[in-house]
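> File entry-v7.cif below, mmCIF, C-alpha atoms and all ligand atoms:
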```cif
data_run
#
loop_
_atom_site.label_atom_id
_atom_site.label_comp_id
_atom_site.auth_asym_id
_atom_site.auth_seq_id
_atom_site.Cartn_x
_atom_site.Cartn_y
_atom_site.Cartn_z
CA MET A 7 2.85 -24.73 10.76
CA GLY A 8 0.45 -27.42 11.94
CA GLU A 9 -1.36 -30.06 9.91
CA VAL A 10 -4.37 -28.02 8.87
CA VAL A 11 -3.57 -24.35 8.70
CA LYS A 12 -6.33 -21.75 8.76
CA LEU A 13 -5.52 -18.09 8.31
CA LEU A 14 -7.39 -14.79 8.50
CA VAL A 15 -6.74 -11.69 6.41
CA VAL A 16 -8.20 -8.37 7.61
CA GLY A 17 -9.24 -5.91 4.88
CA SER A 18 -11.42 -5.80 1.78
CA GLY A 19 -9.48 -4.47 -1.20
CA GLY A 20 -7.38 -5.75 -4.08
CA ARG A 21 -4.38 -5.83 -1.75
CA GLU A 22 -6.14 -8.23 0.59
CA HIS A 23 -7.35 -10.33 -2.36
CA ALA A 24 -3.72 -10.73 -3.50
CA ILE A 25 -2.50 -11.53 0.04
CA ALA A 26 -5.25 -14.06 0.72
CA LYS A 27 -4.96 -15.76 -2.67
CA LYS A 28 -1.20 -16.18 -2.27
CA LEU A 29 -1.66 -17.55 1.25
CA LEU A 30 -4.20 -20.09 -0.01
CA ASP A 31 -1.64 -21.24 -2.63
CA SER A 32 0.68 -22.23 0.22
CA LYS A 33 1.20 -25.94 0.70
CA GLU A 34 -0.24 -26.51 4.14
CA VAL A 35 -2.95 -23.86 4.15
CA SER A 36 -6.44 -25.33 3.96
CA GLN A 37 -8.59 -22.26 4.45
CA VAL A 38 -8.19 -18.49 4.25
CA PHE A 39 -10.85 -16.21 5.73
CA VAL A 40 -11.07 -12.55 4.76
CA ALA A 41 -12.83 -10.00 6.97
CA PRO A 42 -14.80 -8.33 5.56
CA GLY A 43 -13.38 -9.00 2.05
CA ASN A 44 -15.47 -8.53 -1.07
CA ASP A 45 -17.59 -10.96 -3.08
CA GLY A 46 -15.07 -11.15 -5.96
CA MET A 47 -12.65 -12.97 -3.66
CA THR A 48 -15.00 -15.94 -3.32
CA LEU A 49 -14.27 -16.84 -6.97
CA ASP A 50 -10.78 -17.79 -5.75
CA GLY A 51 -12.02 -19.99 -2.93
CA LEU A 52 -11.60 -17.45 -0.15
CA ASP A 53 -14.12 -17.41 2.70
CA LEU A 54 -15.66 -14.07 3.63
CA VAL A 55 -16.37 -13.14 7.22
CA ASP A 56 -18.88 -10.38 7.86
CA ILE A 57 -16.84 -8.41 10.42
CA GLY A 58 -15.49 -4.90 9.78
CA ILE A 59 -11.82 -3.98 10.21
CA SER A 60 -12.51 -1.78 13.24
CA GLU A 61 -14.39 -4.51 15.16
CA HIS A 62 -11.28 -5.83 16.87
CA SER A 63 -13.04 -7.84 19.61
CA ALA A 64 -15.28 -9.57 17.08
CA LEU A 65 -12.25 -10.39 14.91
CA ILE A 66 -10.43 -11.81 17.92
CA ALA A 67 -13.45 -13.88 18.91
CA PHE A 68 -13.73 -15.20 15.36
CA ALA A 69 -10.03 -16.11 15.19
CA LYS A 70 -10.32 -18.02 18.48
CA GLU A 71 -13.51 -19.79 17.58
CA HIS A 72 -12.20 -20.94 14.20
CA GLU A 73 -8.72 -21.80 15.48
CA VAL A 74 -7.02 -19.45 13.06
CA ASP A 75 -3.23 -19.92 13.20
CA TRP A 76 -2.48 -16.27 12.60
CA THR A 77 -3.96 -13.12 11.07
CA PHE A 78 -2.51 -10.85 8.39
CA ILE A 79 -3.53 -7.21 8.82
CA GLY A 80 -3.92 -5.32 5.51
CA PRO A 81 -5.08 -1.73 6.13
CA ASP A 82 -3.28 1.15 7.85
CA ASP A 83 -6.27 2.30 9.90
CA ALA A 84 -6.52 -1.06 11.68
CA LEU A 85 -2.79 -0.95 12.47
CA ALA A 86 -3.02 2.67 13.66
CA ALA A 87 -5.89 1.66 15.93
CA GLY A 88 -3.67 -0.94 17.61
CA ILE A 89 -5.25 -4.13 16.26
CA VAL A 90 -1.97 -6.08 16.56
CA ASP A 91 -1.56 -5.06 20.23
CA GLU A 92 -5.09 -6.30 20.91
CA PHE A 93 -4.56 -9.63 19.12
CA GLU A 94 -1.36 -10.19 21.09
CA ALA A 95 -3.03 -9.27 24.38
CA ALA A 96 -5.61 -11.95 23.55
CA GLY A 97 -2.84 -14.49 22.99
CA LEU A 98 -3.16 -14.49 19.18
CA LYS A 99 -0.55 -13.91 16.48
CA ALA A 100 -1.04 -11.11 13.98
CA PHE A 101 1.33 -10.00 11.23
CA GLY A 102 1.77 -6.24 11.21
CA PRO A 103 3.38 -3.57 13.38
CA LYS A 104 2.00 -2.68 16.79
CA LYS A 105 0.48 0.77 17.19
CA ALA A 106 3.71 2.35 18.44
CA ALA A 107 5.67 1.03 15.44
CA ALA A 108 2.90 1.84 12.94
CA GLU A 109 3.25 5.48 13.99
CA LEU A 110 5.81 5.69 11.18
CA GLU A 111 2.74 5.90 8.94
CA TRP A 112 0.03 7.41 11.09
CA SER A 113 1.99 10.49 12.08
CA LYS A 114 4.05 12.21 9.42
CA ASP A 115 5.55 14.37 12.17
CA PHE A 116 6.74 11.26 14.05
CA ALA A 117 8.17 9.76 10.84
CA LYS A 118 9.98 13.01 10.11
CA SER A 119 11.46 13.23 13.61
CA ILE A 120 12.74 9.64 13.39
CA MET A 121 14.31 10.38 10.02
CA LYS A 122 15.94 13.53 11.36
CA LYS A 123 17.26 11.75 14.48
CA TYR A 124 18.69 8.76 12.59
CA GLY A 125 19.99 10.65 9.55
CA VAL A 126 17.61 9.19 6.96
CA PRO A 127 17.53 11.35 3.80
CA THR A 128 14.19 13.11 3.36
CA ALA A 129 12.83 16.53 2.45
CA ARG A 130 13.66 19.38 4.84
CA TYR A 131 10.58 20.24 6.90
CA GLU A 132 8.92 22.04 9.80
CA THR A 133 5.72 21.14 11.67
CA PHE A 134 3.07 23.76 12.50
CA SER A 135 -0.21 23.99 14.36
CA ASP A 136 -0.36 27.80 14.11
CA PHE A 137 -1.51 29.17 10.75
CA GLU A 138 0.39 32.48 10.90
CA ALA A 139 3.65 30.67 11.65
CA ALA A 140 3.00 28.23 8.78
CA LYS A 141 2.27 31.11 6.42
CA ALA A 142 5.46 32.93 7.40
CA TYR A 143 7.50 29.75 6.81
CA ILE A 144 5.94 29.20 3.37
CA GLU A 145 6.67 32.82 2.41
CA LYS A 146 10.27 32.49 3.58
CA GLU A 147 10.88 29.16 1.76
CA GLY A 148 9.04 30.01 -1.49
CA ALA A 149 7.47 27.59 -4.00
CA PRO A 150 7.30 24.83 -5.10
CA ILE A 151 6.62 23.54 -1.60
CA VAL A 152 4.59 20.66 -0.12
CA VAL A 153 1.90 20.95 2.59
CA LYS A 154 0.77 17.77 4.38
CA ALA A 155 -1.88 17.06 7.01
CA ASP A 156 -0.11 15.30 9.89
CA GLY A 157 -2.41 12.27 10.35
CA LEU A 158 -3.97 9.63 8.11
CA ALA A 159 -5.99 11.44 5.47
CA LEU A 160 -6.45 8.60 2.99
CA GLY A 161 -3.78 10.00 0.68
CA LYS A 162 -5.74 13.21 0.18
CA GLY A 163 -3.97 15.32 2.78
CA VAL A 164 -1.03 16.27 0.57
CA VAL A 165 -0.82 19.41 -1.55
CA VAL A 166 2.17 19.83 -3.85
CA ALA A 167 1.92 23.60 -4.31
CA MET A 168 3.54 25.27 -7.29
CA THR A 169 2.94 28.77 -5.90
CA VAL A 170 3.17 30.41 -2.47
CA GLU A 171 -0.53 31.37 -2.67
CA GLU A 172 -1.56 27.74 -3.26
CA ALA A 173 0.54 26.56 -0.33
CA VAL A 174 -0.85 29.21 2.02
CA ALA A 175 -4.40 28.29 0.94
CA ALA A 176 -3.69 24.60 1.68
CA ALA A 177 -2.34 25.44 5.16
CA HIS A 178 -5.43 27.61 5.72
CA ASP A 179 -7.74 24.73 4.72
CA MET A 180 -6.02 22.33 7.07
CA LEU A 181 -5.29 24.52 10.10
CA LEU A 182 -8.15 27.02 10.13
CA ASP A 183 -10.98 25.45 8.11
CA ASN A 184 -10.37 21.99 9.55
CA LYS A 185 -10.92 20.46 6.09
CA PHE A 186 -9.09 17.26 7.02
CA GLY A 187 -10.58 16.98 10.49
CA ASP A 188 -8.19 16.01 13.27
CA SER A 189 -5.58 14.77 10.83
CA GLY A 190 -5.08 18.37 9.69
CA ALA A 191 -4.74 19.89 13.18
CA ARG A 192 -0.99 19.92 12.53
CA VAL A 193 0.70 20.30 9.17
CA VAL A 194 4.11 19.29 7.96
CA ILE A 195 5.53 21.73 5.42
CA GLU A 196 8.39 20.35 3.41
CA GLU A 197 10.82 20.95 0.61
CA PHE A 198 9.69 19.88 -2.88
CA LEU A 199 11.74 16.94 -4.15
CA ASP A 200 12.27 16.48 -7.84
CA GLY A 201 12.86 13.02 -9.31
CA GLU A 202 11.34 9.67 -10.17
CA GLU A 203 9.17 8.01 -7.54
CA PHE A 204 9.39 4.34 -6.67
CA SER A 205 8.40 2.07 -3.79
CA LEU A 206 10.57 -0.27 -1.81
CA PHE A 207 8.87 -2.89 0.36
CA ALA A 208 10.41 -5.21 2.93
CA PHE A 209 9.25 -7.95 5.26
CA VAL A 210 10.64 -6.89 8.62
CA ASN A 211 11.33 -8.42 12.01
CA GLY A 212 13.23 -5.97 14.21
CA ASP A 213 16.56 -5.28 12.53
CA LYS A 214 16.19 -8.20 10.09
CA PHE A 215 14.54 -7.40 6.79
CA TYR A 216 13.92 -9.00 3.41
CA ILE A 217 13.62 -6.61 0.48
CA MET A 218 10.98 -7.18 -2.20
CA PRO A 219 11.25 -6.27 -5.91
CA THR A 220 11.04 -2.51 -6.59
CA ALA A 221 7.65 -1.22 -7.71
CA GLN A 222 6.17 1.89 -9.27
CA ASP A 223 2.63 3.05 -8.57
CA HIS A 224 0.59 5.53 -10.65
CA LYS A 225 -1.24 7.74 -8.17
CA ARG A 226 -2.99 10.23 -10.44
CA ALA A 227 -6.36 9.34 -11.91
CA PHE A 228 -5.60 10.02 -15.58
CA ASP A 229 -3.00 9.37 -18.28
CA GLY A 230 0.20 11.39 -18.15
CA ASP A 231 -0.06 11.72 -14.34
CA LYS A 232 -2.93 14.19 -14.69
CA GLY A 233 -5.98 14.60 -12.47
CA PRO A 234 -6.50 14.07 -8.75
CA ASN A 235 -4.48 11.75 -6.52
CA THR A 236 -6.05 8.31 -6.02
CA GLY A 237 -5.09 5.24 -4.02
CA GLY A 238 -3.22 4.08 -7.14
CA MET A 239 -4.35 3.27 -10.69
CA GLY A 240 -1.79 0.64 -11.66
CA ALA A 241 1.73 -0.54 -10.98
CA TYR A 242 4.55 -2.76 -12.15
CA ALA A 243 7.51 -4.59 -10.62
CA PRO A 244 10.43 -4.60 -10.78
CA VAL A 245 11.19 -1.11 -12.11
CA PRO A 246 13.64 -2.11 -14.88
CA HIS A 247 15.39 1.25 -15.24
CA LEU A 248 16.36 1.51 -11.55
CA ALA A 249 20.00 0.50 -11.16
CA PRO A 250 20.71 -2.15 -8.50
CA SER A 251 22.94 0.45 -6.81
CA VAL A 252 19.85 2.60 -6.13
CA VAL A 253 18.31 -0.27 -4.16
CA GLU A 254 21.60 -0.88 -2.32
CA THR A 255 21.86 2.80 -1.39
CA SER A 256 18.21 2.85 -0.26
CA VAL A 257 18.81 -0.16 1.97
CA GLU A 258 21.98 1.28 3.53
CA THR A 259 20.83 4.89 3.98
CA ILE A 260 17.10 4.39 4.62
CA ILE A 261 15.87 0.90 5.56
CA LYS A 262 18.70 -0.09 7.94
CA PRO A 263 18.92 3.16 9.94
CA VAL A 264 15.15 3.53 10.32
CA LEU A 265 14.73 -0.05 11.59
CA GLU A 266 17.66 0.30 13.97
CA GLY A 267 16.22 3.64 15.08
CA MET A 268 12.85 2.06 15.82
CA ILE A 269 14.57 -0.52 18.03
CA ASP A 270 16.45 2.25 19.87
CA GLU A 271 13.14 4.03 20.40
CA GLY A 272 11.67 0.91 21.99
CA ARG A 273 9.32 0.40 19.06
CA PRO A 274 10.71 -2.64 17.21
CA TYR A 275 9.01 -3.11 13.85
CA LEU A 276 7.40 -6.34 12.68
CA GLY A 277 5.40 -6.51 9.46
CA VAL A 278 5.69 -5.04 6.00
CA LEU A 279 7.51 -1.71 5.74
CA TYR A 280 6.68 0.36 2.67
CA ALA A 281 9.11 3.14 1.79
CA GLY A 282 7.80 5.66 -0.73
CA LEU A 283 11.00 7.04 -2.26
CA ILE A 284 12.05 9.61 -4.80
CA LEU A 285 15.31 9.33 -6.71
CA THR A 286 16.72 12.86 -6.56
CA ALA A 287 19.98 14.18 -7.98
CA ASP A 288 21.41 13.59 -4.46
CA GLY A 289 20.25 9.97 -4.31
CA PRO A 290 17.09 8.31 -2.94
CA LYS A 291 15.07 10.25 -0.36
CA VAL A 292 11.97 9.31 1.62
CA ILE A 293 8.58 10.81 0.73
CA GLU A 294 6.74 8.72 3.29
CA PHE A 295 6.75 5.47 5.19
CA ASN A 296 3.72 3.23 5.30
CA SER A 297 3.34 0.47 7.84
CA ARG A 298 1.72 -2.06 5.52
CA PHE A 299 1.61 -3.42 1.98
CA GLY A 300 0.64 -1.00 -0.81
CA ASP A 301 -2.47 -1.21 -2.95
CA PRO A 302 -2.08 -1.78 -5.95
CA GLU A 303 1.61 -2.71 -5.49
CA THR A 304 0.85 -5.94 -3.59
CA GLN A 305 -1.08 -7.26 -6.59
CA ILE A 306 2.05 -7.02 -8.79
CA ILE A 307 4.69 -7.92 -6.20
CA LEU A 308 3.25 -11.06 -4.58
CA PRO A 309 2.80 -12.98 -7.87
CA ARG A 310 6.62 -12.80 -8.12
CA LEU A 311 7.14 -14.58 -4.81
CA THR A 312 8.36 -18.12 -5.50
CA SER A 313 8.67 -19.30 -1.90
CA ASP A 314 5.80 -20.50 0.30
CA PHE A 315 4.17 -17.26 1.49
CA ALA A 316 2.37 -18.67 4.52
CA GLN A 317 5.53 -20.49 5.63
CA ASN A 318 7.54 -17.27 5.25
CA ILE A 319 5.14 -15.31 7.47
CA THR A 320 4.94 -18.16 10.00
CA ASP A 321 8.73 -18.19 10.24
CA ILE A 322 8.89 -14.44 10.83
CA LEU A 323 6.19 -14.66 13.51
CA GLU A 324 8.13 -17.49 15.17
CA GLN A 325 11.39 -15.49 15.10
CA LYS A 326 12.93 -17.88 12.56
CA THR A 327 14.78 -16.91 9.40
CA PRO A 328 12.35 -17.15 6.49
CA ASN A 329 13.49 -18.49 3.13
CA ILE A 330 12.00 -15.81 0.86
CA THR A 331 12.64 -16.12 -2.89
CA TRP A 332 11.48 -14.15 -5.95
CA THR A 333 11.45 -14.79 -9.66
CA ASP A 334 13.84 -12.59 -11.61
CA LYS A 335 12.00 -13.25 -14.88
CA GLY A 336 10.34 -10.41 -16.76
CA VAL A 337 7.99 -7.84 -15.32
CA THR A 338 4.62 -8.07 -13.55
CA LEU A 339 2.21 -5.28 -14.48
CA GLY A 340 -1.34 -4.47 -13.45
CA VAL A 341 -3.99 -1.95 -14.45
CA VAL A 342 -6.76 -0.86 -12.07
CA VAL A 343 -10.29 -0.47 -13.40
CA ALA A 344 -12.20 2.13 -11.37
CA SER A 345 -15.71 3.57 -11.27
CA GLU A 346 -16.17 6.64 -13.47
CA GLY A 347 -15.83 9.69 -11.21
CA TYR A 348 -13.40 8.07 -8.75
CA PRO A 349 -11.75 9.45 -6.56
CA LEU A 350 -14.76 11.80 -6.24
CA ALA A 351 -18.41 10.69 -6.38
CA TYR A 352 -19.20 7.60 -8.46
CA GLU A 353 -22.04 5.20 -9.21
CA LYS A 354 -22.13 1.61 -7.98
CA GLY A 355 -23.86 -1.41 -9.48
CA VAL A 356 -22.21 -1.63 -12.91
CA ARG A 357 -22.10 -5.24 -14.13
CA LEU A 358 -18.51 -6.51 -14.28
CA PRO A 359 -16.86 -8.61 -16.99
CA GLU A 360 -16.14 -12.31 -16.45
CA LYS A 361 -13.16 -13.11 -14.24
CA THR A 362 -10.11 -13.73 -16.41
CA THR A 363 -8.37 -17.10 -16.66
CA GLY A 364 -4.95 -18.23 -17.86
CA ASP A 365 -2.08 -15.74 -17.78
CA ILE A 366 -4.16 -12.79 -16.60
CA THR A 367 -5.26 -12.64 -12.96
CA THR A 368 -8.22 -10.56 -11.79
CA TYR A 369 -7.99 -9.07 -8.30
CA TYR A 370 -11.22 -7.61 -6.97
CA ALA A 371 -11.44 -4.49 -4.80
CA GLY A 372 -15.01 -3.17 -4.93
CA ALA A 373 -17.18 -6.03 -6.18
CA LYS A 374 -20.48 -7.39 -4.93
CA PHE A 375 -22.81 -10.12 -6.14
CA ALA A 376 -26.09 -9.07 -7.75
CA GLU A 377 -29.28 -10.45 -6.24
CA ASN A 378 -28.99 -13.56 -8.42
CA GLY A 379 -25.79 -14.38 -6.46
CA LYS A 380 -23.94 -14.88 -9.74
CA ASP A 381 -23.18 -11.63 -11.57
CA LEU A 382 -20.61 -9.36 -9.99
CA LEU A 383 -21.42 -5.66 -9.76
CA SER A 384 -19.14 -2.71 -8.99
CA ASN A 385 -19.28 -1.61 -5.37
CA GLY A 386 -16.44 0.85 -4.79
CA GLY A 387 -14.04 3.41 -6.30
CA ARG A 388 -11.40 0.97 -7.38
CA VAL A 389 -13.26 -2.06 -8.72
CA TYR A 390 -10.83 -4.66 -10.07
CA MET A 391 -7.34 -5.01 -11.45
CA LEU A 392 -5.89 -7.14 -14.25
CA VAL A 393 -2.35 -8.42 -13.69
CA THR A 394 0.06 -10.36 -15.88
CA THR A 395 3.74 -11.27 -16.02
CA ALA A 396 5.58 -10.99 -19.33
CA ASP A 397 9.13 -10.64 -20.71
CA ASP A 398 9.06 -6.85 -20.53
CA VAL A 399 6.83 -3.87 -19.80
CA ALA A 400 5.76 -3.38 -23.43
CA THR A 401 4.61 -7.00 -23.77
CA ALA A 402 2.78 -6.94 -20.42
CA GLN A 403 1.01 -3.70 -21.40
CA LYS A 404 -0.05 -5.24 -24.71
CA ILE A 405 -1.52 -8.32 -23.01
CA ILE A 406 -3.46 -6.31 -20.41
CA TYR A 407 -4.72 -3.57 -22.73
CA GLU A 408 -5.81 -6.07 -25.41
CA LYS A 409 -7.80 -7.93 -22.77
CA LEU A 410 -9.33 -4.71 -21.44
CA LYS A 411 -10.49 -3.80 -24.95
CA THR A 412 -12.53 -7.02 -25.07
CA GLN A 413 -14.18 -6.27 -21.70
CA GLU A 414 -17.39 -4.25 -21.32
CA THR A 415 -16.27 -1.31 -19.16
CA THR A 416 -19.10 1.21 -19.57
CA GLY A 417 -19.37 3.22 -16.34
CA LEU A 418 -15.77 2.32 -15.49
CA PHE A 419 -12.40 3.74 -16.53
CA TYR A 420 -8.70 2.93 -16.47
CA ARG A 421 -5.41 4.57 -17.38
CA SER A 422 -3.93 3.51 -20.70
CA ASP A 423 -0.30 4.31 -19.82
CA ILE A 424 0.54 2.11 -16.83
CA GLY A 425 4.25 1.28 -17.07
CA SER A 426 5.00 3.76 -19.85
CA LYS A 427 7.72 5.50 -17.83
CA ALA A 428 9.74 2.29 -18.23
CA LEU A 429 9.56 2.35 -22.05
P1 LIG B 501 2.24 11.14 0.28
O1 LIG B 501 0.81 10.99 0.71
O2 LIG B 501 3.15 11.68 1.32
O3 LIG B 501 2.73 9.87 -0.37
O4 LIG B 501 2.24 12.17 -0.92
C1 LIG B 501 1.43 11.96 -2.06
C2 LIG B 501 2.19 12.37 -3.29
O5 LIG B 501 2.62 13.73 -3.20
C3 LIG B 501 3.48 11.59 -3.48
O6 LIG B 501 3.27 10.37 -4.12
C4 LIG B 501 4.31 12.54 -4.31
O7 LIG B 501 3.95 12.46 -5.67
C5 LIG B 501 3.90 13.89 -3.80
N1 LIG B 501 4.87 14.37 -2.81
C6 LIG B 501 4.82 14.20 -1.48
N2 LIG B 501 5.86 14.79 -0.87
C7 LIG B 501 6.59 15.36 -1.83
C8 LIG B 501 7.80 16.16 -1.84
N3 LIG B 501 8.44 16.48 -0.72
N4 LIG B 501 8.26 16.57 -3.02
C9 LIG B 501 7.60 16.28 -4.17
N5 LIG B 501 6.46 15.56 -4.23
C10 LIG B 501 5.96 15.11 -3.08
N1 LIG B 502 -0.40 2.63 -3.54
C1 LIG B 502 -0.30 3.56 -2.49
C2 LIG B 502 -0.61 3.07 -1.16
O1 LIG B 502 -0.92 1.90 -0.96
O2 LIG B 502 -0.56 3.86 -0.24
#
```
Using structure tokens, write down the structure that the file contains.
Ligand code: AMP
Ligand code: GLY

Amino acid sequence: MGEVVKLLVVGSGGREHAIAKKLLDSKEVSQVFVAPGNDGMTLDGLDLVDIGISEHSALIAFAKEHEVDWTFIGPDDALAAGIVDEFEAAGLKAFGPKKAAAELEWSKDFAKSIMKKYGVPTARYETFSDFEAAKAYIEKEGAPIVVKADGLALGKGVVVAMTVEEAVAAAHDMLLDNKFGDSGARVVIEEFLDGEEFSLFAFVNGDKFYIMPTAQDHKRAFDGDKGPNTGGMGAYAPVPHLAPSVVETSVETIIKPVLEGMIDEGRPYLGVLYAGLILTADGPKVIEFNSRFGDPETQIILPRLTSDFAQNITDILEQKTPNITWTDKGVTLGVVVASEGYPLAYEKGVRLPEKTTGDITTYYAGAKFAENGKDLLSNGGRVYMLVTTADDVATAQKIIYEKLKTQETTGLFYRSDIGSKAL
């Protein structure tokens, strides 16, 4: 890296807050811009840029004008739209997979075909665009069975159906009623996998990869994994009850073959690879691949990074071997505070508690300054997240939940059991 390093992060959520904050902690980094970011990030010295994630040309122009060394792409939709290809065509460096490599996330059918071709363990499946054929397959396979819209549907295009009727109705919604728009024009119907879910992330450059600590998200809105699916209501890392052999098996049977497969396909992968896995009686299997960091997992993984984050990414972008190190002490746990009603309709404009100090970090997702330019107000579904590192899950839960009890959270809600599966 040069003398004065300036970086740009694209995205606006808690994930991007965690990425940008960690980059700013790096030794040689003097300034981190976030486009478009959210006002809460400014409390950590980050500089917001009023350009949306889909305005690629404006982002490129900004990066050139401000002599940004490189750009970290947060969200999947920007990657799926080919933002990295455009940055590179403009002579700029961007960290994230190109469009052809990001297809691992933006088409479930593509991801499934890669897994089939390279022998990566995943649920048995078939892809359909014809409703009658889908219905016949569901009736033949029986329930429980899983119906997924093929494209990006913001996590909402998945129905885990406990009965044949429910599965047929889901296929009807997607294929005939067009409920998920274009992303539901094809559906993947797959075998139901039973087991504990966990996430495995890696920094990747071609066939070289660097595994991060294991993490567990909580996707349902309410305690006890009840209620609708959300982007994620809380997470912790590492998952203490996962044996090291599970990670080794996941690396050998999943991460290695998929990355080698992507090279064989002429789509070498560079960026963060996120494997959503389920530990079945037959070993770890893939639920999905994402071509980016997870939200809220990033907020509990990156605080555990003990090496210089910006230097690590620079090294990967320059085809050097990064020196990536993690703490092995304790557990990092975070609880998301969301607007009441999320993931459905919710109100904005609730006044937020003071930013935490000391051992508890606040990451903002949907936060906006009031007119006085001082008070932060809620401005999204997921609003903020409190994160701490402690000796074990129970202690981390106690610290976070005691703090949350002292905060005024009227109009907001959070789960009170984040991490409880580890107890
Ligand atoms: P996805 O958007 O593919 O991550 O799916 C959302 C959620 O649906 C996952 O986090 C799982 O809880 C569940 N799910 C997806 N696929 C399966 C499957 N084959 N078997 C069981 N549960 C699944
Ligand atoms: N936490 C789930 C996701 O980022 O997709």
> Which distance in Å separates atom CA of Gly88 of chain A and atom CA of Leu52 of chain A, to one decimal?
25.5 Å
> Residues within 8 Å of ligand LIG 502 (chain B) (all atoms listed in the file), as a PyMOL selection string?
chain A and resi 161+223-225+237-238+296+299-303
> With 8 Å as the threshold, what does the neighbourhood of (2.3, -8.9, 0.8) contain in terms of residues, counting only C-alpha atoms? Coordinates are those of the file; answer as a VMD selection string.
chain A and resid 21 24 to 25 278 299 304 307 to 308
> Calculate, to one decimal in Å, the centre and edge lengths of the box along x, y and z of the file that holds all listed atoms of ligand LIG 501 (chain B) with 3 Å of margin on each side, and present them as AutoDock Vina command-line options.

```
--center_x 4.6 --center_y 13.2 --center_z -2.2 --size_x 13.6 --size_y 12.7 --size_z 13.0
```
> From the options A:Lys185, A:Lys427, A:Lys114, A:Lys404, which residue's atoms come nearest to ligand LIG 501 (chain B), counting all atoms listed in the file?
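So, comparing all the options, the nearest one is A:Lys114.
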> Hey, which residues come within 6 Å of ligand LIG 501 (chain B) if we count only C-alpha atoms and all ligand atoms? Could you give them as a ChimeraX atom specification?
/A:129,152,161,164,196-200,293-294
> Store the residues picked out above in a file with C-alpha atoms, as a short mmCIF file (atom, residue, chain, number, x, y, z; two decimals), in the frame of the given file.

```cif
data_model
loop_
_atom_site.label_atom_id
_atom_site.label_comp_id
_atom_site.auth_asym_id
_atom_site.auth_seq_id
_atom_site.Cartn_x
_atom_site.Cartn_y
_atom_site.Cartn_z
CA ALA A 129 12.83 16.53 2.45
CA VAL A 152 4.59 20.66 -0.12
CA GLY A 161 -3.78 10.00 0.68
CA VAL A 164 -1.03 16.27 0.57
CA GLU A 196 8.39 20.35 3.41
CA GLU A 197 10.82 20.95 0.61
CA PHE A 198 9.69 19.88 -2.88
CA LEU A 199 11.74 16.94 -4.15
CA ASP A 200 12.27 16.48 -7.84
CA ILE A 293 8.58 10.81 0.73
CA GLU A 294 6.74 8.72 3.29
#
```
> Atom CA of Ala155 of chain A and atom CA of Ser345 of chain A, how far apart in Å?
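Separation of atom CA of Ser345 of chain A and atom CA of Ala155 of chain A: 26.6 Å.
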> Within 7 Å of segment 256-261 of chain A, counting all atoms listed in the file, which residues show up once you throw out same-chain ones fewer than 4 positions away? Write them as number ranges by chain, please.
A: 126, 252, 265, 290
> So that I can check the surroundings of Val74 of chain A, please list as a JSON list (two decimals) with C-alpha atoms, in the coordinates of the input every protein, DNA and RNA residue that reaches within 12 Å of it, counting only C-alpha atoms and ignoring chain neighbours fewer than 5 positions away.

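Result file is part.json:
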```json
[["chain", "number", "residue", "atom", "x", "y", "z"],
["A", 7, "MET", "CA", 2.85, -24.73, 10.76],
["A", 8, "GLY", "CA", 0.45, -27.42, 11.94],
["A", 10, "VAL", "CA", -4.37, -28.02, 8.87],
["A", 11, "VAL", "CA", -3.57, -24.35, 8.70],
["A", 12, "LYS", "CA", -6.33, -21.75, 8.76],
["A", 13, "LEU", "CA", -5.52, -18.09, 8.31],
["A", 14, "LEU", "CA", -7.39, -14.79, 8.50],
["A", 15, "VAL", "CA", -6.74, -11.69, 6.41],
["A", 35, "VAL", "CA", -2.95, -23.86, 4.15],
["A", 36, "SER", "CA", -6.44, -25.33, 3.96],
["A", 37, "GLN", "CA", -8.59, -22.26, 4.45],
["A", 38, "VAL", "CA", -8.19, -18.49, 4.25],
["A", 39, "PHE", "CA", -10.85, -16.21, 5.73],
["A", 40, "VAL", "CA", -11.07, -12.55, 4.76],
["A", 65, "LEU", "CA", -12.25, -10.39, 14.91],
["A", 66, "ILE", "CA", -10.43, -11.81, 17.92],
["A", 67, "ALA", "CA", -13.45, -13.88, 18.91],
["A", 68, "PHE", "CA", -13.73, -15.20, 15.36],
["A", 69, "ALA", "CA", -10.03, -16.11, 15.19],
["A", 93, "PHE", "CA", -4.56, -9.63, 19.12],
["A", 97, "GLY", "CA", -2.84, -14.49, 22.99],
["A", 98, "LEU", "CA", -3.16, -14.49, 19.18],
["A", 99, "LYS", "CA", -0.55, -13.91, 16.48],
["A", 100, "ALA", "CA", -1.04, -11.11, 13.98]]
```
> Which of these residues is nearest to Lys70 of chain A, using all atoms listed in the file: A:Thr412, A:Phe207, A:Ala96, A:Asp56?
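Selected residue with least distance to Lys70 of chain A: A:Ala96.
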> Go through A:Ala428, A:Val194, A:Ala149, A:Leu418 one by one, measure the shortest atom-to-atom distance of each to Ser113 of chain A using only C-alpha atoms, and give the residue with the smallest value.
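The answer is A:Val194, which sits nearest to Ser113 of chain A.
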> What's around Ser119 of chain A at 12 Å? Count all atoms listed in the file, leave out sequence neighbours fewer than 6 positions away in its own chain, and write the answer as a list in words.
Glu109, Leu110, Ser113, Gly125, Val126, Pro127, Thr128, Ala129, Arg130, Tyr131, Glu132, Thr133, Val194, Val264, Gly267, Met268 and Glu271 of chain A
> I want to know what sits within 12 Å of segment 318-321 of chain A, based on only C-alpha atoms, with residues of the same chain fewer than 2 positions away left out; could you give that as a PyMOL selection string?
chain A and resi 7-8+11-13+25+28-29+32-35+75-79+99-102+209-211+216+276-278+311-316+323-331
